[in-house]
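Engineer: Contents of model.cif (mmCIF, N, CA and C atoms):
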```
data_entry
#
loop_
_atom_site.label_atom_id
_atom_site.label_comp_id
_atom_site.auth_asym_id
_atom_site.auth_seq_id
_atom_site.Cartn_x
_atom_site.Cartn_y
_atom_site.Cartn_z
N GLN A 1 0.83 -1.20 0.00
CA GLN A 1 0.00 0.00 0.00
C GLN A 1 0.86 1.25 0.00
N VAL A 2 0.24 2.35 -0.40
CA VAL A 2 0.92 3.63 -0.43
C VAL A 2 0.14 4.61 0.43
N GLN A 3 0.86 5.34 1.24
CA GLN A 3 0.25 6.39 2.05
C GLN A 3 0.78 7.74 1.57
N LEU A 4 -0.14 8.68 1.42
CA LEU A 4 0.21 10.04 1.02
C LEU A 4 -0.20 10.98 2.14
N VAL A 5 0.74 11.79 2.59
CA VAL A 5 0.46 12.73 3.67
C VAL A 5 0.71 14.15 3.16
N GLU A 6 -0.34 14.96 3.23
CA GLU A 6 -0.27 16.34 2.75
C GLU A 6 -0.10 17.30 3.92
N SER A 7 0.45 18.46 3.60
CA SER A 7 0.56 19.53 4.59
C SER A 7 0.58 20.86 3.87
N GLY A 8 0.25 21.93 4.60
CA GLY A 8 0.42 23.27 4.06
C GLY A 8 -0.84 24.03 3.74
N GLY A 9 -2.00 23.44 3.89
CA GLY A 9 -3.23 24.18 3.61
C GLY A 9 -3.49 25.25 4.66
N GLY A 10 -4.53 26.05 4.41
CA GLY A 10 -4.89 27.07 5.38
C GLY A 10 -5.69 28.19 4.76
N LEU A 11 -5.79 29.26 5.53
CA LEU A 11 -6.53 30.44 5.10
C LEU A 11 -5.55 31.51 4.61
N VAL A 12 -5.85 32.08 3.46
CA VAL A 12 -4.99 33.11 2.91
C VAL A 12 -5.85 34.16 2.22
N GLN A 13 -5.40 35.39 2.20
CA GLN A 13 -6.14 36.46 1.53
C GLN A 13 -5.93 36.39 0.02
N PRO A 14 -6.87 36.91 -0.74
CA PRO A 14 -6.68 36.98 -2.20
C PRO A 14 -5.38 37.69 -2.54
N GLY A 15 -4.66 37.11 -3.50
CA GLY A 15 -3.36 37.64 -3.87
C GLY A 15 -2.21 37.04 -3.10
N GLY A 16 -2.52 36.28 -2.07
CA GLY A 16 -1.48 35.70 -1.25
C GLY A 16 -0.93 34.40 -1.82
N SER A 17 -0.07 33.76 -1.04
CA SER A 17 0.60 32.53 -1.47
C SER A 17 0.50 31.46 -0.40
N LEU A 18 0.53 30.22 -0.86
CA LEU A 18 0.61 29.05 0.01
C LEU A 18 1.44 27.99 -0.69
N ARG A 19 2.03 27.14 0.11
CA ARG A 19 2.80 26.01 -0.45
C ARG A 19 2.28 24.73 0.16
N LEU A 20 1.88 23.81 -0.70
CA LEU A 20 1.43 22.49 -0.28
C LEU A 20 2.56 21.48 -0.49
N SER A 21 2.66 20.55 0.44
CA SER A 21 3.65 19.49 0.33
C SER A 21 3.00 18.13 0.53
N CYS A 22 3.57 17.12 -0.11
CA CYS A 22 3.06 15.76 0.01
C CYS A 22 4.22 14.79 -0.05
N VAL A 23 4.18 13.80 0.82
CA VAL A 23 5.21 12.76 0.81
C VAL A 23 4.52 11.41 0.75
N ALA A 24 5.05 10.53 -0.10
CA ALA A 24 4.52 9.18 -0.24
C ALA A 24 5.39 8.20 0.54
N SER A 25 4.76 7.20 1.12
CA SER A 25 5.50 6.15 1.81
C SER A 25 4.81 4.82 1.56
N GLY A 26 5.52 3.76 1.89
CA GLY A 26 4.97 2.43 1.65
C GLY A 26 5.55 1.82 0.39
N THR A 27 4.72 1.17 -0.40
CA THR A 27 5.17 0.51 -1.62
C THR A 27 5.20 1.53 -2.76
N ILE A 28 6.26 2.33 -2.80
CA ILE A 28 6.33 3.44 -3.75
C ILE A 28 6.97 3.06 -5.07
N PHE A 29 7.52 1.84 -5.14
CA PHE A 29 8.15 1.42 -6.39
C PHE A 29 7.10 1.40 -7.49
N GLY A 30 7.46 1.99 -8.63
CA GLY A 30 6.55 1.98 -9.77
C GLY A 30 5.75 3.25 -9.95
N ILE A 31 5.73 4.12 -8.93
CA ILE A 31 5.03 5.40 -9.08
C ILE A 31 5.78 6.23 -10.11
N ASN A 32 5.08 6.68 -11.15
CA ASN A 32 5.76 7.45 -12.19
C ASN A 32 5.19 8.86 -12.35
N ALA A 33 4.21 9.20 -11.54
CA ALA A 33 3.67 10.56 -11.60
C ALA A 33 3.03 10.88 -10.26
N MET A 34 3.18 12.14 -9.87
CA MET A 34 2.51 12.64 -8.68
C MET A 34 1.91 13.99 -9.01
N GLY A 35 0.87 14.33 -8.31
CA GLY A 35 0.22 15.58 -8.63
C GLY A 35 -0.76 16.02 -7.57
N TRP A 36 -1.45 17.09 -7.91
CA TRP A 36 -2.46 17.67 -7.02
C TRP A 36 -3.77 17.83 -7.77
N TYR A 37 -4.83 17.43 -7.11
CA TYR A 37 -6.19 17.65 -7.59
C TYR A 37 -6.89 18.51 -6.55
N ARG A 38 -8.01 19.08 -6.95
CA ARG A 38 -8.80 19.83 -5.98
C ARG A 38 -10.29 19.63 -6.24
N GLN A 39 -11.04 19.81 -5.17
CA GLN A 39 -12.49 19.69 -5.27
C GLN A 39 -13.13 20.81 -4.47
N ALA A 40 -13.83 21.67 -5.17
CA ALA A 40 -14.56 22.76 -4.53
C ALA A 40 -15.97 22.30 -4.21
N PRO A 41 -16.63 22.94 -3.27
CA PRO A 41 -18.00 22.54 -2.91
C PRO A 41 -18.92 22.52 -4.13
N GLY A 42 -19.61 21.40 -4.30
CA GLY A 42 -20.56 21.28 -5.39
C GLY A 42 -19.95 21.02 -6.75
N LYS A 43 -18.64 20.83 -6.79
CA LYS A 43 -17.97 20.60 -8.07
C LYS A 43 -17.23 19.27 -8.07
N GLU A 44 -16.89 18.80 -9.26
CA GLU A 44 -16.13 17.56 -9.37
C GLU A 44 -14.66 17.81 -9.09
N ARG A 45 -13.99 16.74 -8.71
CA ARG A 45 -12.56 16.83 -8.50
C ARG A 45 -11.87 17.08 -9.84
N GLU A 46 -10.88 17.97 -9.84
CA GLU A 46 -10.19 18.31 -11.07
C GLU A 46 -8.68 18.32 -10.88
N LEU A 47 -7.97 18.02 -11.94
CA LEU A 47 -6.51 18.08 -11.90
C LEU A 47 -6.06 19.53 -11.81
N VAL A 48 -5.13 19.78 -10.91
CA VAL A 48 -4.51 21.10 -10.79
C VAL A 48 -3.15 21.09 -11.48
N ALA A 49 -2.31 20.14 -11.10
CA ALA A 49 -0.97 20.05 -11.68
C ALA A 49 -0.42 18.66 -11.45
N GLN A 50 0.44 18.23 -12.36
CA GLN A 50 1.05 16.91 -12.26
C GLN A 50 2.48 16.98 -12.73
N ILE A 51 3.33 16.18 -12.09
CA ILE A 51 4.73 16.07 -12.51
C ILE A 51 5.05 14.60 -12.68
N ARG A 52 5.69 14.27 -13.79
CA ARG A 52 6.05 12.89 -14.07
C ARG A 52 7.50 12.63 -13.68
N SER A 53 7.87 11.36 -13.62
CA SER A 53 9.20 10.99 -13.14
C SER A 53 10.31 11.60 -13.98
N GLY A 54 10.05 11.84 -15.27
CA GLY A 54 11.05 12.45 -16.13
C GLY A 54 11.14 13.96 -15.98
N GLY A 55 10.22 14.52 -15.18
CA GLY A 55 10.26 15.96 -14.92
C GLY A 55 9.25 16.78 -15.69
N SER A 56 8.54 16.16 -16.63
CA SER A 56 7.54 16.93 -17.38
C SER A 56 6.38 17.27 -16.48
N THR A 57 5.76 18.40 -16.77
CA THR A 57 4.66 18.87 -15.94
C THR A 57 3.46 19.26 -16.81
N LYS A 58 2.30 19.26 -16.18
CA LYS A 58 1.12 19.80 -16.83
C LYS A 58 0.27 20.49 -15.78
N TYR A 59 -0.44 21.52 -16.25
CA TYR A 59 -1.24 22.34 -15.35
C TYR A 59 -2.64 22.55 -15.92
N ALA A 60 -3.58 22.75 -15.03
CA ALA A 60 -4.89 23.22 -15.45
C ALA A 60 -4.74 24.64 -15.99
N ASP A 61 -5.51 24.98 -17.00
CA ASP A 61 -5.42 26.32 -17.58
C ASP A 61 -5.64 27.41 -16.53
N SER A 62 -6.50 27.12 -15.58
CA SER A 62 -6.88 28.13 -14.59
C SER A 62 -5.75 28.50 -13.64
N VAL A 63 -4.70 27.67 -13.59
CA VAL A 63 -3.61 27.95 -12.63
C VAL A 63 -2.28 28.24 -13.31
N LYS A 64 -2.24 28.12 -14.63
CA LYS A 64 -0.99 28.36 -15.34
C LYS A 64 -0.48 29.78 -15.07
N GLY A 65 0.81 29.87 -14.79
CA GLY A 65 1.41 31.16 -14.49
C GLY A 65 1.31 31.57 -13.04
N ARG A 66 0.50 30.88 -12.27
CA ARG A 66 0.33 31.20 -10.85
C ARG A 66 0.84 30.07 -9.94
N PHE A 67 0.67 28.84 -10.35
CA PHE A 67 1.06 27.68 -9.55
C PHE A 67 2.28 27.01 -10.18
N THR A 68 3.14 26.47 -9.33
CA THR A 68 4.30 25.73 -9.80
C THR A 68 4.41 24.43 -9.03
N ILE A 69 4.51 23.32 -9.77
CA ILE A 69 4.67 22.01 -9.14
C ILE A 69 6.12 21.60 -9.22
N SER A 70 6.60 20.97 -8.18
CA SER A 70 7.97 20.45 -8.16
C SER A 70 7.97 19.16 -7.35
N GLY A 71 9.02 18.36 -7.56
CA GLY A 71 9.04 17.11 -6.85
C GLY A 71 10.40 16.45 -6.84
N ASP A 72 10.54 15.49 -5.97
CA ASP A 72 11.75 14.67 -5.88
C ASP A 72 11.32 13.25 -6.20
N ASN A 73 11.70 12.78 -7.39
CA ASN A 73 11.24 11.45 -7.82
C ASN A 73 11.79 10.34 -6.94
N ALA A 74 13.01 10.47 -6.50
CA ALA A 74 13.61 9.43 -5.68
C ALA A 74 12.93 9.32 -4.33
N LYS A 75 12.60 10.48 -3.75
CA LYS A 75 11.98 10.49 -2.42
C LYS A 75 10.46 10.42 -2.51
N LYS A 76 9.92 10.58 -3.72
CA LYS A 76 8.48 10.55 -3.93
C LYS A 76 7.80 11.63 -3.08
N THR A 77 8.28 12.84 -3.29
CA THR A 77 7.64 14.01 -2.68
C THR A 77 7.19 14.96 -3.78
N VAL A 78 6.17 15.72 -3.50
CA VAL A 78 5.69 16.69 -4.48
C VAL A 78 5.20 17.93 -3.74
N ASP A 79 5.55 19.09 -4.27
CA ASP A 79 5.14 20.36 -3.69
C ASP A 79 4.35 21.16 -4.72
N LEU A 80 3.48 22.01 -4.22
CA LEU A 80 2.73 22.91 -5.09
C LEU A 80 2.83 24.32 -4.51
N GLN A 81 3.55 25.18 -5.21
CA GLN A 81 3.65 26.57 -4.81
C GLN A 81 2.51 27.33 -5.49
N MET A 82 1.67 27.95 -4.69
CA MET A 82 0.50 28.64 -5.21
C MET A 82 0.64 30.13 -4.93
N ASN A 83 0.72 30.91 -5.97
CA ASN A 83 0.83 32.37 -5.86
C ASN A 83 -0.39 33.04 -6.46
N SER A 84 -0.55 34.31 -6.14
CA SER A 84 -1.67 35.10 -6.68
C SER A 84 -2.99 34.37 -6.52
N LEU A 85 -3.22 33.86 -5.34
CA LEU A 85 -4.42 33.06 -5.09
C LEU A 85 -5.68 33.87 -5.24
N LYS A 86 -6.71 33.19 -5.74
CA LYS A 86 -8.01 33.81 -5.96
C LYS A 86 -9.07 33.07 -5.14
N ALA A 87 -10.19 33.72 -4.95
CA ALA A 87 -11.27 33.08 -4.20
C ALA A 87 -11.68 31.76 -4.84
N GLU A 88 -11.62 31.71 -6.16
CA GLU A 88 -12.04 30.48 -6.85
C GLU A 88 -11.04 29.34 -6.71
N ASP A 89 -9.91 29.60 -6.08
CA ASP A 89 -8.97 28.51 -5.78
C ASP A 89 -9.34 27.79 -4.49
N THR A 90 -10.32 28.30 -3.79
CA THR A 90 -10.77 27.67 -2.55
C THR A 90 -11.29 26.26 -2.84
N ALA A 91 -10.72 25.28 -2.15
CA ALA A 91 -11.08 23.88 -2.38
C ALA A 91 -10.31 23.01 -1.41
N VAL A 92 -10.68 21.74 -1.38
CA VAL A 92 -9.85 20.74 -0.73
C VAL A 92 -8.88 20.22 -1.77
N TYR A 93 -7.60 20.26 -1.45
CA TYR A 93 -6.55 19.83 -2.37
C TYR A 93 -6.07 18.45 -1.97
N TYR A 94 -6.02 17.56 -2.95
CA TYR A 94 -5.65 16.17 -2.73
C TYR A 94 -4.35 15.84 -3.46
N CYS A 95 -3.46 15.21 -2.76
CA CYS A 95 -2.25 14.68 -3.39
C CYS A 95 -2.58 13.36 -4.06
N ASN A 96 -1.99 13.14 -5.22
CA ASN A 96 -2.23 11.91 -5.98
C ASN A 96 -0.91 11.30 -6.42
N ALA A 97 -0.85 9.99 -6.42
CA ALA A 97 0.29 9.25 -6.96
C ALA A 97 -0.23 8.17 -7.89
N HIS A 98 0.40 8.06 -9.05
CA HIS A 98 -0.05 7.10 -10.06
C HIS A 98 1.00 6.02 -10.27
N ASN A 99 0.58 4.76 -10.20
CA ASN A 99 1.46 3.63 -10.43
C ASN A 99 0.92 2.81 -11.59
N PRO A 100 1.48 2.97 -12.78
CA PRO A 100 0.96 2.23 -13.94
C PRO A 100 1.25 0.73 -13.87
N LEU A 101 2.29 0.33 -13.12
CA LEU A 101 2.61 -1.09 -13.02
C LEU A 101 1.51 -1.84 -12.28
N ARG A 102 0.90 -1.18 -11.33
CA ARG A 102 -0.18 -1.78 -10.55
C ARG A 102 -1.56 -1.31 -11.03
N GLY A 103 -1.56 -0.36 -11.95
CA GLY A 103 -2.84 0.19 -12.39
C GLY A 103 -3.58 0.89 -11.27
N MET A 104 -2.83 1.59 -10.42
CA MET A 104 -3.43 2.16 -9.22
C MET A 104 -3.20 3.66 -9.15
N ASP A 105 -4.19 4.35 -8.58
CA ASP A 105 -4.05 5.73 -8.17
C ASP A 105 -4.25 5.78 -6.66
N TYR A 106 -3.37 6.51 -6.00
CA TYR A 106 -3.43 6.65 -4.56
C TYR A 106 -3.74 8.11 -4.22
N TRP A 107 -4.45 8.29 -3.10
CA TRP A 107 -4.90 9.63 -2.74
C TRP A 107 -4.58 9.94 -1.28
N GLY A 108 -4.23 11.19 -1.03
CA GLY A 108 -4.14 11.66 0.33
C GLY A 108 -5.51 11.99 0.87
N LYS A 109 -5.56 12.38 2.15
CA LYS A 109 -6.84 12.68 2.77
C LYS A 109 -7.35 14.06 2.40
N GLY A 110 -6.46 14.90 1.89
CA GLY A 110 -6.86 16.24 1.47
C GLY A 110 -6.50 17.31 2.48
N THR A 111 -6.23 18.49 1.97
CA THR A 111 -5.96 19.64 2.84
C THR A 111 -6.75 20.84 2.30
N LEU A 112 -7.39 21.55 3.21
CA LEU A 112 -8.28 22.63 2.81
C LEU A 112 -7.51 23.92 2.57
N VAL A 113 -7.76 24.52 1.42
CA VAL A 113 -7.22 25.85 1.10
C VAL A 113 -8.40 26.80 0.96
N THR A 114 -8.39 27.84 1.77
CA THR A 114 -9.45 28.84 1.73
C THR A 114 -8.85 30.19 1.39
N VAL A 115 -9.35 30.78 0.32
CA VAL A 115 -8.87 32.11 -0.10
C VAL A 115 -10.00 33.10 0.15
N SER A 116 -9.80 33.95 1.13
CA SER A 116 -10.86 34.86 1.53
C SER A 116 -10.27 36.05 2.27
N SER A 117 -10.93 37.18 2.12
CA SER A 117 -10.51 38.37 2.86
C SER A 117 -11.32 38.49 4.16
#
```
Would you mind writing the file out in structure tokens?

Structural biologist:
Amino acid sequence: QVQLVESGGGLVQPGGSLRLSCVASGTIFGINAMGWYRQAPGKERELVAQIRSGGSTKYADSVKGRFTISGDNAKKTVDLQMNSLKAEDTAVYYCNAHNPLRGMDYWGKGTLVTVSS
């Protein structure tokens, strides 16, 4: 099994910044991508950003230029630096790890990000 532990959520004013961190433990062999998803009240969970083992990244259009994902493939950690936060970024953010060898996606418990004045 794989355990994902997130940290770094909280309350921030519009225009502010937050950094989310996630570390994977357990049977991490085979994980080739890690990322962040979010789910706002009444909405479906959506991809925010993902980084693959080779270093390639992808972002949701809504966060491009504001959020930056980074990670350590060997340690299986992933961070999300969020700048210029907007009220619409308010959501529960979930860390994700993908293992194609097992055909599995693993999820953290989520961390709440609230952007409000």

Engineer: Taking the file as shown, find all residues satisfying the PyMOL selection byres ((chain A and resi 1) around 8) and write them as number ranges by chain.

Structural biologist: A: 2-4, 25-28

Engineer: So that I can check the secondary structure, give me every residue of chain A assigned strand (DSSP E) by backbone DSSP, as a compact mmCIF listing (two decimals) with N, CA and C atoms, keeping the file's coordinate frame.

Structural biologist:
```txt
# COMPACT_ATOMS: atom_id res chain seq x y z
N VAL A 2 0.24 2.35 -0.40
CA VAL A 2 0.92 3.63 -0.43
C VAL A 2 0.14 4.61 0.43
N GLN A 3 0.86 5.34 1.24
CA GLN A 3 0.25 6.39 2.05
C GLN A 3 0.78 7.74 1.57
N LEU A 4 -0.14 8.68 1.42
CA LEU A 4 0.21 10.04 1.02
C LEU A 4 -0.20 10.98 2.14
N VAL A 5 0.74 11.79 2.59
CA VAL A 5 0.46 12.73 3.67
C VAL A 5 0.71 14.15 3.16
N GLU A 6 -0.34 14.96 3.23
CA GLU A 6 -0.27 16.34 2.75
C GLU A 6 -0.10 17.30 3.92
N SER A 7 0.45 18.46 3.60
CA SER A 7 0.56 19.53 4.59
C SER A 7 0.58 20.86 3.87
N GLY A 10 -4.53 26.05 4.41
CA GLY A 10 -4.89 27.07 5.38
C GLY A 10 -5.69 28.19 4.76
N LEU A 11 -5.79 29.26 5.53
CA LEU A 11 -6.53 30.44 5.10
C LEU A 11 -5.55 31.51 4.61
N VAL A 12 -5.85 32.08 3.46
CA VAL A 12 -4.99 33.11 2.91
C VAL A 12 -5.85 34.16 2.22
N LEU A 18 0.53 30.22 -0.86
CA LEU A 18 0.61 29.05 0.01
C LEU A 18 1.44 27.99 -0.69
N ARG A 19 2.03 27.14 0.11
CA ARG A 19 2.80 26.01 -0.45
C ARG A 19 2.28 24.73 0.16
N LEU A 20 1.88 23.81 -0.70
CA LEU A 20 1.43 22.49 -0.28
C LEU A 20 2.56 21.48 -0.49
N SER A 21 2.66 20.55 0.44
CA SER A 21 3.65 19.49 0.33
C SER A 21 3.00 18.13 0.53
N CYS A 22 3.57 17.12 -0.11
CA CYS A 22 3.06 15.76 0.01
C CYS A 22 4.22 14.79 -0.05
N VAL A 23 4.18 13.80 0.82
CA VAL A 23 5.21 12.76 0.81
C VAL A 23 4.52 11.41 0.75
N ALA A 24 5.05 10.53 -0.10
CA ALA A 24 4.52 9.18 -0.24
C ALA A 24 5.39 8.20 0.54
N SER A 25 4.76 7.20 1.12
CA SER A 25 5.50 6.15 1.81
C SER A 25 4.81 4.82 1.56
N GLY A 26 5.52 3.76 1.89
CA GLY A 26 4.97 2.43 1.65
C GLY A 26 5.55 1.82 0.39
N ALA A 33 4.21 9.20 -11.54
CA ALA A 33 3.67 10.56 -11.60
C ALA A 33 3.03 10.88 -10.26
N MET A 34 3.18 12.14 -9.87
CA MET A 34 2.51 12.64 -8.68
C MET A 34 1.91 13.99 -9.01
N GLY A 35 0.87 14.33 -8.31
CA GLY A 35 0.22 15.58 -8.63
C GLY A 35 -0.76 16.02 -7.57
N TRP A 36 -1.45 17.09 -7.91
CA TRP A 36 -2.46 17.67 -7.02
C TRP A 36 -3.77 17.83 -7.77
N TYR A 37 -4.83 17.43 -7.11
CA TYR A 37 -6.19 17.65 -7.59
C TYR A 37 -6.89 18.51 -6.55
N ARG A 38 -8.01 19.08 -6.95
CA ARG A 38 -8.80 19.83 -5.98
C ARG A 38 -10.29 19.63 -6.24
N GLN A 39 -11.04 19.81 -5.17
CA GLN A 39 -12.49 19.69 -5.27
C GLN A 39 -13.13 20.81 -4.47
N GLU A 46 -10.88 17.97 -9.84
CA GLU A 46 -10.19 18.31 -11.07
C GLU A 46 -8.68 18.32 -10.88
N LEU A 47 -7.97 18.02 -11.94
CA LEU A 47 -6.51 18.08 -11.90
C LEU A 47 -6.06 19.53 -11.81
N VAL A 48 -5.13 19.78 -10.91
CA VAL A 48 -4.51 21.10 -10.79
C VAL A 48 -3.15 21.09 -11.48
N ALA A 49 -2.31 20.14 -11.10
CA ALA A 49 -0.97 20.05 -11.68
C ALA A 49 -0.42 18.66 -11.45
N GLN A 50 0.44 18.23 -12.36
CA GLN A 50 1.05 16.91 -12.26
C GLN A 50 2.48 16.98 -12.73
N ILE A 51 3.33 16.18 -12.09
CA ILE A 51 4.73 16.07 -12.51
C ILE A 51 5.05 14.60 -12.68
N ARG A 52 5.69 14.27 -13.79
CA ARG A 52 6.05 12.89 -14.07
C ARG A 52 7.50 12.63 -13.68
N THR A 57 5.76 18.40 -16.77
CA THR A 57 4.66 18.87 -15.94
C THR A 57 3.46 19.26 -16.81
N LYS A 58 2.30 19.26 -16.18
CA LYS A 58 1.12 19.80 -16.83
C LYS A 58 0.27 20.49 -15.78
N TYR A 59 -0.44 21.52 -16.25
CA TYR A 59 -1.24 22.34 -15.35
C TYR A 59 -2.64 22.55 -15.92
N PHE A 67 0.67 28.84 -10.35
CA PHE A 67 1.06 27.68 -9.55
C PHE A 67 2.28 27.01 -10.18
N THR A 68 3.14 26.47 -9.33
CA THR A 68 4.30 25.73 -9.80
C THR A 68 4.41 24.43 -9.03
N ILE A 69 4.51 23.32 -9.77
CA ILE A 69 4.67 22.01 -9.14
C ILE A 69 6.12 21.60 -9.22
N SER A 70 6.60 20.97 -8.18
CA SER A 70 7.97 20.45 -8.16
C SER A 70 7.97 19.16 -7.35
N GLY A 71 9.02 18.36 -7.56
CA GLY A 71 9.04 17.11 -6.85
C GLY A 71 10.40 16.45 -6.84
N ASP A 72 10.54 15.49 -5.97
CA ASP A 72 11.75 14.67 -5.88
C ASP A 72 11.32 13.25 -6.20
N THR A 77 8.28 12.84 -3.29
CA THR A 77 7.64 14.01 -2.68
C THR A 77 7.19 14.96 -3.78
N VAL A 78 6.17 15.72 -3.50
CA VAL A 78 5.69 16.69 -4.48
C VAL A 78 5.20 17.93 -3.74
N ASP A 79 5.55 19.09 -4.27
CA ASP A 79 5.14 20.36 -3.69
C ASP A 79 4.35 21.16 -4.72
N LEU A 80 3.48 22.01 -4.22
CA LEU A 80 2.73 22.91 -5.09
C LEU A 80 2.83 24.32 -4.51
N GLN A 81 3.55 25.18 -5.21
CA GLN A 81 3.65 26.57 -4.81
C GLN A 81 2.51 27.33 -5.49
N MET A 82 1.67 27.95 -4.69
CA MET A 82 0.50 28.64 -5.21
C MET A 82 0.64 30.13 -4.93
N ALA A 91 -10.72 25.28 -2.15
CA ALA A 91 -11.08 23.88 -2.38
C ALA A 91 -10.31 23.01 -1.41
N VAL A 92 -10.68 21.74 -1.38
CA VAL A 92 -9.85 20.74 -0.73
C VAL A 92 -8.88 20.22 -1.77
N TYR A 93 -7.60 20.26 -1.45
CA TYR A 93 -6.55 19.83 -2.37
C TYR A 93 -6.07 18.45 -1.97
N TYR A 94 -6.02 17.56 -2.95
CA TYR A 94 -5.65 16.17 -2.73
C TYR A 94 -4.35 15.84 -3.46
N CYS A 95 -3.46 15.21 -2.76
CA CYS A 95 -2.25 14.68 -3.39
C CYS A 95 -2.58 13.36 -4.06
N ASN A 96 -1.99 13.14 -5.22
CA ASN A 96 -2.23 11.91 -5.98
C ASN A 96 -0.91 11.30 -6.42
N ALA A 97 -0.85 9.99 -6.42
CA ALA A 97 0.29 9.25 -6.96
C ALA A 97 -0.23 8.17 -7.89
N HIS A 98 0.40 8.06 -9.05
CA HIS A 98 -0.05 7.10 -10.06
C HIS A 98 1.00 6.02 -10.27
N ASN A 99 0.58 4.76 -10.20
CA ASN A 99 1.46 3.63 -10.43
C ASN A 99 0.92 2.81 -11.59
N MET A 104 -2.83 1.59 -10.42
CA MET A 104 -3.43 2.16 -9.22
C MET A 104 -3.20 3.66 -9.15
N ASP A 105 -4.19 4.35 -8.58
CA ASP A 105 -4.05 5.73 -8.17
C ASP A 105 -4.25 5.78 -6.66
N TYR A 106 -3.37 6.51 -6.00
CA TYR A 106 -3.43 6.65 -4.56
C TYR A 106 -3.74 8.11 -4.22
N TRP A 107 -4.45 8.29 -3.10
CA TRP A 107 -4.90 9.63 -2.74
C TRP A 107 -4.58 9.94 -1.28
N THR A 111 -6.23 18.49 1.97
CA THR A 111 -5.96 19.64 2.84
C THR A 111 -6.75 20.84 2.30
N LEU A 112 -7.39 21.55 3.21
CA LEU A 112 -8.28 22.63 2.81
C LEU A 112 -7.51 23.92 2.57
N VAL A 113 -7.76 24.52 1.42
CA VAL A 113 -7.22 25.85 1.10
C VAL A 113 -8.40 26.80 0.96
N THR A 114 -8.39 27.84 1.77
CA THR A 114 -9.45 28.84 1.73
C THR A 114 -8.85 30.19 1.39
N VAL A 115 -9.35 30.78 0.32
CA VAL A 115 -8.87 32.11 -0.10
C VAL A 115 -10.00 33.10 0.15
```

Engineer: Might you spell out which residues the PyMOL selection byres ((chain A and resi 100) around 7) would select in the displayed file, as a list in words?

Structural biologist: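 For this structure, the PyMOL selection byres ((chain A and resi 100) around 7) captures Gly30, Ile31, Asn32, Ala33, His98, Asn99, Leu101, Arg102, Gly103 and Met104 of chain A.
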
Engineer: Please identify all polymer residues within 10 Å of Thr90 in chain A, counting only C-alpha atoms, omitting same-chain residues fewer than 6 positions from it, and present them as an MDAnalysis selection string.

Structural biologist: chainID A and resid 10:12 38:41 112:116

Engineer: Taking all atoms listed in the file into account, name the residue in A:Ser62, A:Ile51, A:Glu6, A:Gln13 that is nearest to Ala87 in chain A.

Structural biologist: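 Ranked by minimum distance to Ala87 in chain A, first place goes to A:Gln13.
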
Engineer: Could you check the closest approach to Gly15 in chain A for each of A:Glu44, A:Arg52, A:Lys86, A:Lys58 and tell me which residue wins, using only C-alpha atoms?

Structural biologist: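 Closest to Gly15 in chain A of all the choices is A:Lys86.
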
Engineer: One decimal, Å: what's the distance from atom N of Trp36 in chain A over to atom N of Gly71 in chain A, could you say?

Structural biologist: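 Taking atom N of Trp36 in chain A and atom N of Gly71 in chain A, their separation equals 10.6 Å.
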
Engineer: Any idea what the distance is between CA of Leu80 in chain A and CA of Val92 in chain A?

Structural biologist: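 Answer for the CA of Leu80 in chain A to CA of Val92 in chain A separation: 13.5 Å.
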
Engineer: Fewer than 4 positions away in the same chain doesn't count, so skip those; otherwise give me all residues within 6 Å of Gly110 in chain A, counting only N, CA and C atoms, as a PyMOL selection string.

Structural biologist: chain A and resi 92-95

Engineer: With the file shown as input, list the residues that the PyMOL selection byres (((chain A and resi 21 and name CA) around 6) and name CA) selects, as a ChimeraX atom specification.

Structural biologist: /A:6-7,20,22,78-79

Engineer: For Ser17 in chain A, which residue out of A:Thr111, A:Thr57, A:Asn73, A:Thr68 is the nearest one, using only C-alpha atoms?

Structural biologist: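 Looking only at the distances to Ser17 in chain A, the closest residue turns out to be A:Thr68.
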
Engineer: From the set A:Asp105, A:Val23, A:Phe29, A:Lys64, which residue has the shortest atom-to-atom contact distance to Lys76 in chain A, counting only C-alpha atoms?

Structural biologist: A:Val23

Engineer: What does the structure give for the distance between atom N of Gln50 in chain A and atom C of Gly35 in chain A, in Å to one decimal?

Structural biologist: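 Distance reported for this atom pair: 5.4 Å.
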
Engineer: Which residue is closest to Met34 in chain A? Choose from A:Ser53, A:Gln81, A:Asp89, A:Arg19 and count all atoms listed in the file.

Structural biologist: A:Ser53

Engineer: Which of these, A:Ser117, A:Lys109, A:Gly65, A:Asp72, has the shortest distance to Val5 in chain A once you count only N, CA and C atoms?

Structural biologist: A:Lys109

Engineer: Show me the residues around (-2.2, 21.4, -15.9) - criterion: an atom at most 6 Å away, only C-alpha atoms counted - as a short mmCIF file (atom, residue, chain, number, x, y, z; two decimals) with N, CA and C atoms, in the frame of the given file.

Structural biologist:
```cif
data_model
loop_
_atom_site.label_atom_id
_atom_site.label_comp_id
_atom_site.auth_asym_id
_atom_site.auth_seq_id
_atom_site.Cartn_x
_atom_site.Cartn_y
_atom_site.Cartn_z
N VAL A 48 -5.13 19.78 -10.91
CA VAL A 48 -4.51 21.10 -10.79
C VAL A 48 -3.15 21.09 -11.48
N ALA A 49 -2.31 20.14 -11.10
CA ALA A 49 -0.97 20.05 -11.68
C ALA A 49 -0.42 18.66 -11.45
N LYS A 58 2.30 19.26 -16.18
CA LYS A 58 1.12 19.80 -16.83
C LYS A 58 0.27 20.49 -15.78
N TYR A 59 -0.44 21.52 -16.25
CA TYR A 59 -1.24 22.34 -15.35
C TYR A 59 -2.64 22.55 -15.92
N ALA A 60 -3.58 22.75 -15.03
CA ALA A 60 -4.89 23.22 -15.45
C ALA A 60 -4.74 24.64 -15.99
#
```

Engineer: DSSP says helix (DSSP H, G or I) for which residues of chain A? Put them as a list in words?

Structural biologist: Asp61, Ser62, Val63, Ala87, Glu88 and Asp89 of chain A
